[in-house]
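Visitor: For reference, the structure I am asking about is given below.
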Amino acid sequence: MKRSLHSRILFLIIGLISVGVIISIFWELKNREKELLDEKLRASRFMAQPVMTAIYEDMLEERADMARHLVSSLSKSRGLDSLYIVRNNGVEEAFKDLKTINAVKKEYGEIKPEWLTDHLDVKDNVARGVNNPEFKKALEAFKKNWAKGEIYYIDRSGEKPVFTYLLPIEKKAKCSTCHETEGARGILVIRTSLEEMYQILGKGRDQWIISGLFAISIGGVLLSLLIKRSITGPIQKNVEVIKRIAEGRGDISERVEVTEENEIGYLAAAFNNMLDTLGKRAEENKKLFELVTKSKEEWVATFDAIQDLISIHDRDYRILKINKALARKFNAHPEELIGKRCYELLYCRHEPNYSCPHSRTLQTAGIADAEVDDLVFEGTYKVTTFPVFNESGEVWASVHVMRDITQEKMLREQLLHAEKLSSMGKLVAGIAHELNNPLMGIMGFSQILMDTPGDKKLDDIKDKLRKIYHESLRTAKIVQNLLTFARAKKTEREYHNVNDIIRHTIELREYSLKANNIQVVLNLAEDLPKTMVDLFQLQQVFINIINNAEDAMVADRGRGRLEISTRKGRRKIEIAFRDDGPGISREIIHKVFDPFFTTKEVGKGTGLGLSITHGIVTEHGGTIDIMSPEEGGAVFTIELPIIEKEQWVEVKKAVGTGGASAEGFTGKKILVVDDEKSIREALYDILTGEGFKVDTARDGREALDLLARSKVNLVITDIKMPGYGGTDLYESIMLKHNYLKDRIILLTGDVFSHDVKEFLTKTNCPYILKPFEPKKLIELMKQVLA
C-alpha cells in the first residue's frame, strides 16, 4: 500500500479534503462563538441601562435601600451568574457592609431607618472577581478616565468560564451629599455564565465532525474507484506490457493499447513510439557492433604495423598491450609479454624508476618524455608517454612510445660541432680585428724606440712608452670584454637600487646625449625595491643599450627621444628602454645578441656590446628582450629578480681595488712562478720597486726547490705552464707547505677551458686575468697579505 501509486494519490486527496474539513469546522466554531458572545454583550448592555438609571435616581432621592433591593433582585435572574457594584477602591462590594451608612451618620448625625432594613454587614468585604488580572487592568483604565465606557472580558479563573461586563458609575453633583469626593464612583459588574454556550458549541462541533467523517469516507470510496479507472488501471496495463518485454517474455513488436485521449493515453502512445525507436536502434546496434569489430581488427593491424615500439602500461607498471615491433625486440609474441612489469622487461631492474616518463605521467597527468640509452637493447631512444584517463578523470594507464634516435642524435651532435666551429671562426675573426689595431700601435712605437739613438731625450722615450702602455690597456680591455661575454669573470654583487644606477649612468652620458640632441625622459617607480646586483656590470649593460639607441637616432634624424622606465613586477624588477629611432627589421632582430654582429660601419662597432649585455643579464638570473613596434623605434626590456640581501650567499673573490696601505709590506718575500721570462722579469722589477723581496721560478718544480730552502710570504703563479704546472704546484704546496694555504694568487689568460674553470672554483683562490695592470696586482697582493 505504501508503494502503490493508487494509495498515494488517494491518501493525498483524502488528506487535502480532511484538512479542508477541519479548517471549515474550526472557522464555523469560531464564528458561532463570536455570535453567542455578541448576544451576551447585548444582553448585558440591555440589563445595565435600567440598573444605572435606577441607581442614579434612587441615590439622588436618598433611597439607597431601593437601589440595594434592585441590585439584589436582578442578580437572581435566570442565566445571570451575579450582578453587583464594586466601590471605587476596586475591592469592596457595595451594599455588603455599613461603611457608607456610618460615614453619613457621622457626617450628618442621622440616617433614614429604611437604609438599615435587611442590610448586610460583612466583615471581610471582598467582591468576586476583583483579583482577576483583566479586572485590575480595567480598574486602572477607569481611574484614568471614569467616562471611558464599558469593558468586557471572559473570566476563566474559576471552574467555569464567565462573561464579565464592567460599566463605570460616574459621580453626579448631588452625590457629595452622602459620599466623599471620590466615594460616589464605582463599577457595575454583570457576570453571565458561559457554560450553556460552550455546551451548545460542543454539540455543534461533534455533529460537524461526524458529518465530515461521513463525507470523507463516501468521497474516498468514490475517488478510489475513479482513480483506479482513470489512472492506475491504464498505467497497470502499460506496466505489465513493459515487464513482459523487459523480462524477455514478450516481443519488442508488442504494443500497449491506447484507449483514452488523455495523459495516460499520451503515455501509452509515447511508449509505443519508444518501442518503435528501440526496434530501429537494435538494428542499428547490430550494424554498429559489426563496424566496431571491424574497426578493432583494423586498429590492431595498425597498432602492429607501426615500427615505433609501443606499449600500454597501468599504474602498477604492468604491460597491458604491446605491438609486434616491440615484441620482435625480445624475439617473442605480444601475448607472451603482456602482464610483465615494464621496468623488469625494458630496463632489467627490480624496482621502478620514479623519474621515468611513465612515472611522471602518472604523477602529473601530462605528457612526459626523455632520451634513454640504458634499455636492454642497444641504441638511444626517445621515450614519450601519453596519459589515459578513466571515467572519473584519473590517470589509470599511459601509452608508452619508444623511437630509435641513435642516428638522429649522432647527426645532431655533428651539427652542434659544426655550429661550434662556426662560432669559433667568428670569435677568432673578431679577436683578430679588435686586437690588430692596438697591436699595430704597440709594434710601431716599439720599433721607434728600438731605432732611437742613445742621446734621445728621456721625455720623448717616456711619451712613446706611455702610448705603448695605453695601447696595451686597450688590448687588455678587448680581452676583458670577451671574458665578460663568456662569463668567465665572476660578478661582485651588492645591495643596490636600480633607479640610482640608471641615474648615475645618465650622468656619465649626459654631455654626449645633449650634444647629439637626445632628450632623455625618466619614468622611474618610486617604490622600486633594492636587489643584489653588480653595479659596474649593470652600468655597462645600461651604457651599451643607451649607446646603441643614441647611435641609431643620430644616424636616422640627428636627434631623438629616449624614455627609460622602471616598475616592480611579481618578484622581479622590469626596466624598459624605448627610443624613437628607425627600429630594427624583422630579418635581423633575432641576431642582435649574437657575438660580433653589428649593423654599424667598419670601425664603429665591435658587435660585442649587446652580446656582453645579454651575458651579464643572464648571469644575474634575468632576461632581456627586444621589440620593434610598428610605429617605429626599438624597445629593450630587462627583467631582474628581486633578491634580498640576506638571501644572497656572497662568495667573494679577492679581486678588488682596495686601498690597503703600503706600510708593513716592505721586505715581504714573494715567489713569482711563470714560464714566460718577460713576465718574470717585469714582475721582478715592478715588485722590487714596491719594496718586496722577490724570487722567480720558471715552473712548479723550480718553485718547490726554492720553497724547500726558505719560506715566503706569498706565491704568485701561472696556472698553465709546461711540465709541472700551476695546478700541480698548488697540490704540492697544500701537502708540504700548508702555511701558504691562503697566500696564493693565480695568474691566467685562459678561463674558457673547463679544467681551468673547475680549478678556480675548487680552490677558491684569488686570481687575476692576463693581461693586467701592475697596480691592480699590487693592490690584490696587499689585500691577501693583510
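Residues are referred to by chain and number: the chain letter is A, B, ... according to the order shown in the C-alpha cells, the number counts from 1 in that chain, and ligands are numbered separately from 1 in the order shown.
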Which residues are near Gly569 in chain A? Cut-off 10 Å, only C-alpha atoms, ignore same chain within fewer than 4 positions. Put them as a list of chain:residue names.

Guide: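 That gives A:Leu528, A:Ile573, A:Glu574, A:Glu639, A:Leu640, A:Pro641, A:Ile642.
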
Visitor: May I ask for the distance between CA of Ile745 in chain A and CA of Ile716 in chain A, given in Å to one decimal place?

Guide: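 It comes out at 4.9 Å.
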
Visitor: Of the candidates A:Ile17, A:Leu326, A:Leu704, A:Met52, which one gets nearest to Ile190 in chain A if we count only C-alpha atoms?

Guide: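 Comparing A:Ile17, A:Leu326, A:Leu704, A:Met52 against Ile190 in chain A, the winner is A:Met52.
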
Visitor: With a distance cut-off of 10 Å and only C-alpha atoms, select the neighbouring residues of Ala697 in chain A, excluding the residue or stretch itself and same-chain residues fewer than 2 positions from it, and output the selection as a PDB file with C-alpha atoms, in the first residue's frame.

Guide:
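The resulting around-v4.pdb:
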ATOM      1  CA  LEU A 671     107.768  33.964  -5.121  1.00  0.00           C
ATOM      2  CA  VAL A 672     106.791  34.579  -8.786  1.00  0.00           C
ATOM      3  CA  VAL A 673     106.282  31.413 -10.899  1.00  0.00           C
ATOM      4  CA  ASP A 674     105.765  31.792 -14.680  1.00  0.00           C
ATOM      5  CA  ASP A 675     107.125  30.070 -17.756  1.00  0.00           C
ATOM      6  CA  GLU A 676     107.327  33.423 -19.643  1.00  0.00           C
ATOM      7  CA  LYS A 677     110.699  35.048 -18.945  1.00  0.00           C
ATOM      8  CA  ARG A 680     109.043  37.071 -14.578  1.00  0.00           C
ATOM      9  CA  ASP A 695     112.355  35.221  -6.108  1.00  0.00           C
ATOM     10  CA  ASP A 699     107.975  26.168 -13.420  1.00  0.00           C
ATOM     11  CA  GLY A 700     106.479  24.322 -10.443  1.00  0.00           C
ATOM     12  CA  ARG A 701     109.490  22.092  -9.704  1.00  0.00           C
ATOM     13  CA  GLU A 702     111.899  25.033  -9.501  1.00  0.00           C
ATOM     14  CA  ALA A 703     109.390  26.818  -7.209  1.00  0.00           C
ATOM     15  CA  LEU A 704     109.231  23.804  -4.863  1.00  0.00           C
ATOM     16  CA  ASP A 705     113.037  23.758  -4.665  1.00  0.00           C
ATOM     17  CA  LEU A 706     113.023  27.432  -3.623  1.00  0.00           C
ATOM     18  CA  THR A 717     101.887  31.506 -10.023  1.00  0.00           C
TER      19      THR A 717
END

Visitor: Given only C-alpha atoms as the basis, pick out the residue of A:Leu12, A:Leu288, A:Cys356, A:Val521 nearest to Val372 in chain A.

Guide: A:Cys356

Visitor: Point out the residue among A:His358, A:Tyr198, A:Arg743, A:Gln407 with the least atom-to-atom distance to Val388 in chain A, counting only C-alpha atoms.

Guide: A:His358

Visitor: Mind checking which residues fall within 12 Å of Asp527 in chain A, counting only C-alpha atoms, ignoring those fewer than 3 positions away in the same chain, and posting them as a ChimeraX atom specification?

Guide: /A:497-499,524,530,566-569,573

Visitor: Excluding same-chain residues fewer than 3 positions from Leu777 in chain A, what lies within 10 Å of it counting only C-alpha atoms, as an mmCIF file with C-alpha atoms, in the first residue's frame?

Guide:
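After the write, result_11.cif holds the following:
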data_model
loop_
_atom_site.group_PDB
_atom_site.id
_atom_site.type_symbol
_atom_site.label_atom_id
_atom_site.label_comp_id
_atom_site.auth_asym_id
_atom_site.auth_seq_id
_atom_site.Cartn_x
_atom_site.Cartn_y
_atom_site.Cartn_z
ATOM 1 C CA VAL A 655 89.922 40.744 -6.744
ATOM 2 C CA GLY A 656 89.488 44.409 -5.996
ATOM 3 C CA THR A 657 90.971 47.802 -5.905
ATOM 4 C CA LEU A 683 107.124 41.430 -12.182
ATOM 5 C CA LEU A 687 107.571 44.314 -7.158
ATOM 6 C CA ILE A 716 102.157 34.282 -7.443
ATOM 7 C CA ILE A 745 97.465 34.301 -6.200
ATOM 8 C CA LEU A 747 97.594 34.198 -12.944
ATOM 9 C CA TYR A 767 93.095 35.232 -9.350
ATOM 10 C CA ILE A 768 93.847 37.955 -11.875
ATOM 11 C CA LEU A 769 93.423 37.756 -15.623
ATOM 12 C CA PHE A 772 96.564 43.121 -16.202
ATOM 13 C CA GLU A 773 97.707 46.455 -14.858
ATOM 14 C CA PRO A 774 100.604 46.037 -12.393
ATOM 15 C CA LEU A 780 95.496 42.376 -4.678
ATOM 16 C CA MET A 781 98.793 41.314 -3.067
ATOM 17 C CA LYS A 782 98.325 43.834 -0.261
ATOM 18 C CA GLN A 783 94.785 42.596 0.380
#

Visitor: With only C-alpha atoms as the basis for distance, which of A:Glu758, A:Asp316, A:Glu550, A:Asp276 is at the shortest distance from Ile518 in chain A?

Guide: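 Closest candidate: A:Glu550.
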
Visitor: Residues at most 8 Å from range 335-352 of chain A, counting only C-alpha atoms, excluding those fewer than 2 positions away in the same chain, as a ChimeraX atom specification?

Guide: /A:313,316-322,327,332-333,354,374-376

Visitor: Would you mind listing what lies within 12 Å of Ala43 in chain A as a list in words, with only C-alpha atoms counted and same-chain residues fewer than 2 positions away left out?

Guide: Leu36, Leu37, Asp38, Glu39, Lys40, Leu41, Arg45, Phe46, Met47, Ala48, Gln49, Gly79, Leu80, Phe163, Thr164, Tyr165, Ile190, Arg191 and Thr192 of chain A

Visitor: What does the file look like for those residues with N, CA, C and O atoms, as a short mmCIF file (atom, residue, chain, number, x, y, z; two decimals), in the first residue's frame?

Guide:
data_model
loop_
_atom_site.label_atom_id
_atom_site.label_comp_id
_atom_site.auth_asym_id
_atom_site.auth_seq_id
_atom_site.Cartn_x
_atom_site.Cartn_y
_atom_site.Cartn_z
N LEU A 36 -22.50 34.17 19.69
CA LEU A 36 -23.07 33.96 21.03
C LEU A 36 -22.52 34.97 22.02
O LEU A 36 -23.26 35.46 22.90
N LEU A 37 -21.20 35.28 21.90
CA LEU A 37 -20.63 36.29 22.81
C LEU A 37 -21.24 37.66 22.54
O LEU A 37 -21.44 38.45 23.48
N ASP A 38 -21.51 37.94 21.26
CA ASP A 38 -22.18 39.22 20.94
C ASP A 38 -23.57 39.30 21.57
O ASP A 38 -24.02 40.37 22.04
N GLU A 39 -24.27 38.16 21.62
CA GLU A 39 -25.59 38.12 22.27
C GLU A 39 -25.46 38.40 23.76
O GLU A 39 -26.27 39.13 24.35
N LYS A 40 -24.44 37.81 24.39
CA LYS A 40 -24.21 38.06 25.83
C LYS A 40 -23.91 39.52 26.07
O LYS A 40 -24.37 40.10 27.07
N LEU A 41 -23.15 40.13 25.16
CA LEU A 41 -22.82 41.55 25.33
C LEU A 41 -24.07 42.41 25.20
O LEU A 41 -24.29 43.34 26.02
N ARG A 45 -25.68 44.82 28.15
CA ARG A 45 -25.98 46.25 27.94
C ARG A 45 -27.45 46.55 28.24
O ARG A 45 -27.77 47.57 28.85
N PHE A 46 -28.33 45.63 27.78
CA PHE A 46 -29.76 45.82 28.00
C PHE A 46 -30.10 45.85 29.48
O PHE A 46 -30.92 46.65 29.95
N MET A 47 -29.46 44.99 30.24
CA MET A 47 -29.71 44.92 31.68
C MET A 47 -29.04 46.08 32.41
O MET A 47 -29.58 46.61 33.39
N ALA A 48 -27.87 46.53 31.95
CA ALA A 48 -27.14 47.58 32.67
C ALA A 48 -27.84 48.92 32.59
O ALA A 48 -27.74 49.73 33.53
N GLN A 49 -28.56 49.20 31.50
CA GLN A 49 -29.14 50.52 31.31
C GLN A 49 -30.17 50.87 32.39
O GLN A 49 -30.07 51.91 33.04
N GLY A 79 -30.02 32.70 34.16
CA GLY A 79 -28.91 32.83 33.20
C GLY A 79 -27.86 33.83 33.64
O GLY A 79 -26.82 33.99 32.98
N LEU A 80 -28.12 34.52 34.76
CA LEU A 80 -27.16 35.52 35.26
C LEU A 80 -26.38 34.92 36.41
O LEU A 80 -26.98 34.40 37.36
N PHE A 163 -18.72 35.37 31.40
CA PHE A 163 -18.63 36.61 30.62
C PHE A 163 -18.84 37.76 31.60
O PHE A 163 -19.87 37.86 32.27
N THR A 164 -17.83 38.65 31.74
CA THR A 164 -17.86 39.74 32.72
C THR A 164 -18.00 41.06 31.99
O THR A 164 -17.19 41.37 31.11
N TYR A 165 -19.03 41.82 32.39
CA TYR A 165 -19.31 43.12 31.77
C TYR A 165 -19.12 44.19 32.83
O TYR A 165 -19.71 44.12 33.93
N ILE A 190 -21.63 42.91 35.79
CA ILE A 190 -22.64 41.93 35.39
C ILE A 190 -21.89 40.70 34.88
O ILE A 190 -21.17 40.77 33.89
N ARG A 191 -22.08 39.55 35.57
CA ARG A 191 -21.35 38.32 35.22
C ARG A 191 -22.36 37.29 34.73
O ARG A 191 -23.34 36.98 35.41
N THR A 192 -22.11 36.81 33.50
CA THR A 192 -23.03 35.85 32.88
C THR A 192 -22.27 34.54 32.63
O THR A 192 -21.19 34.54 32.04
#

Visitor: Please, what distance in Å, to one decimal, runs between CA of Gly279 in chain A and CA of Ser295 in chain A?

Guide: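 Spanning CA of Gly279 in chain A to CA of Ser295 in chain A is a straight-line distance of 24.3 Å.
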
Visitor: Kindly give the distance, in Å, that separates CA of Asp755 in chain A and CA of Gly726 in chain A, rounded to a single decimal.

Guide: 12.2 Å
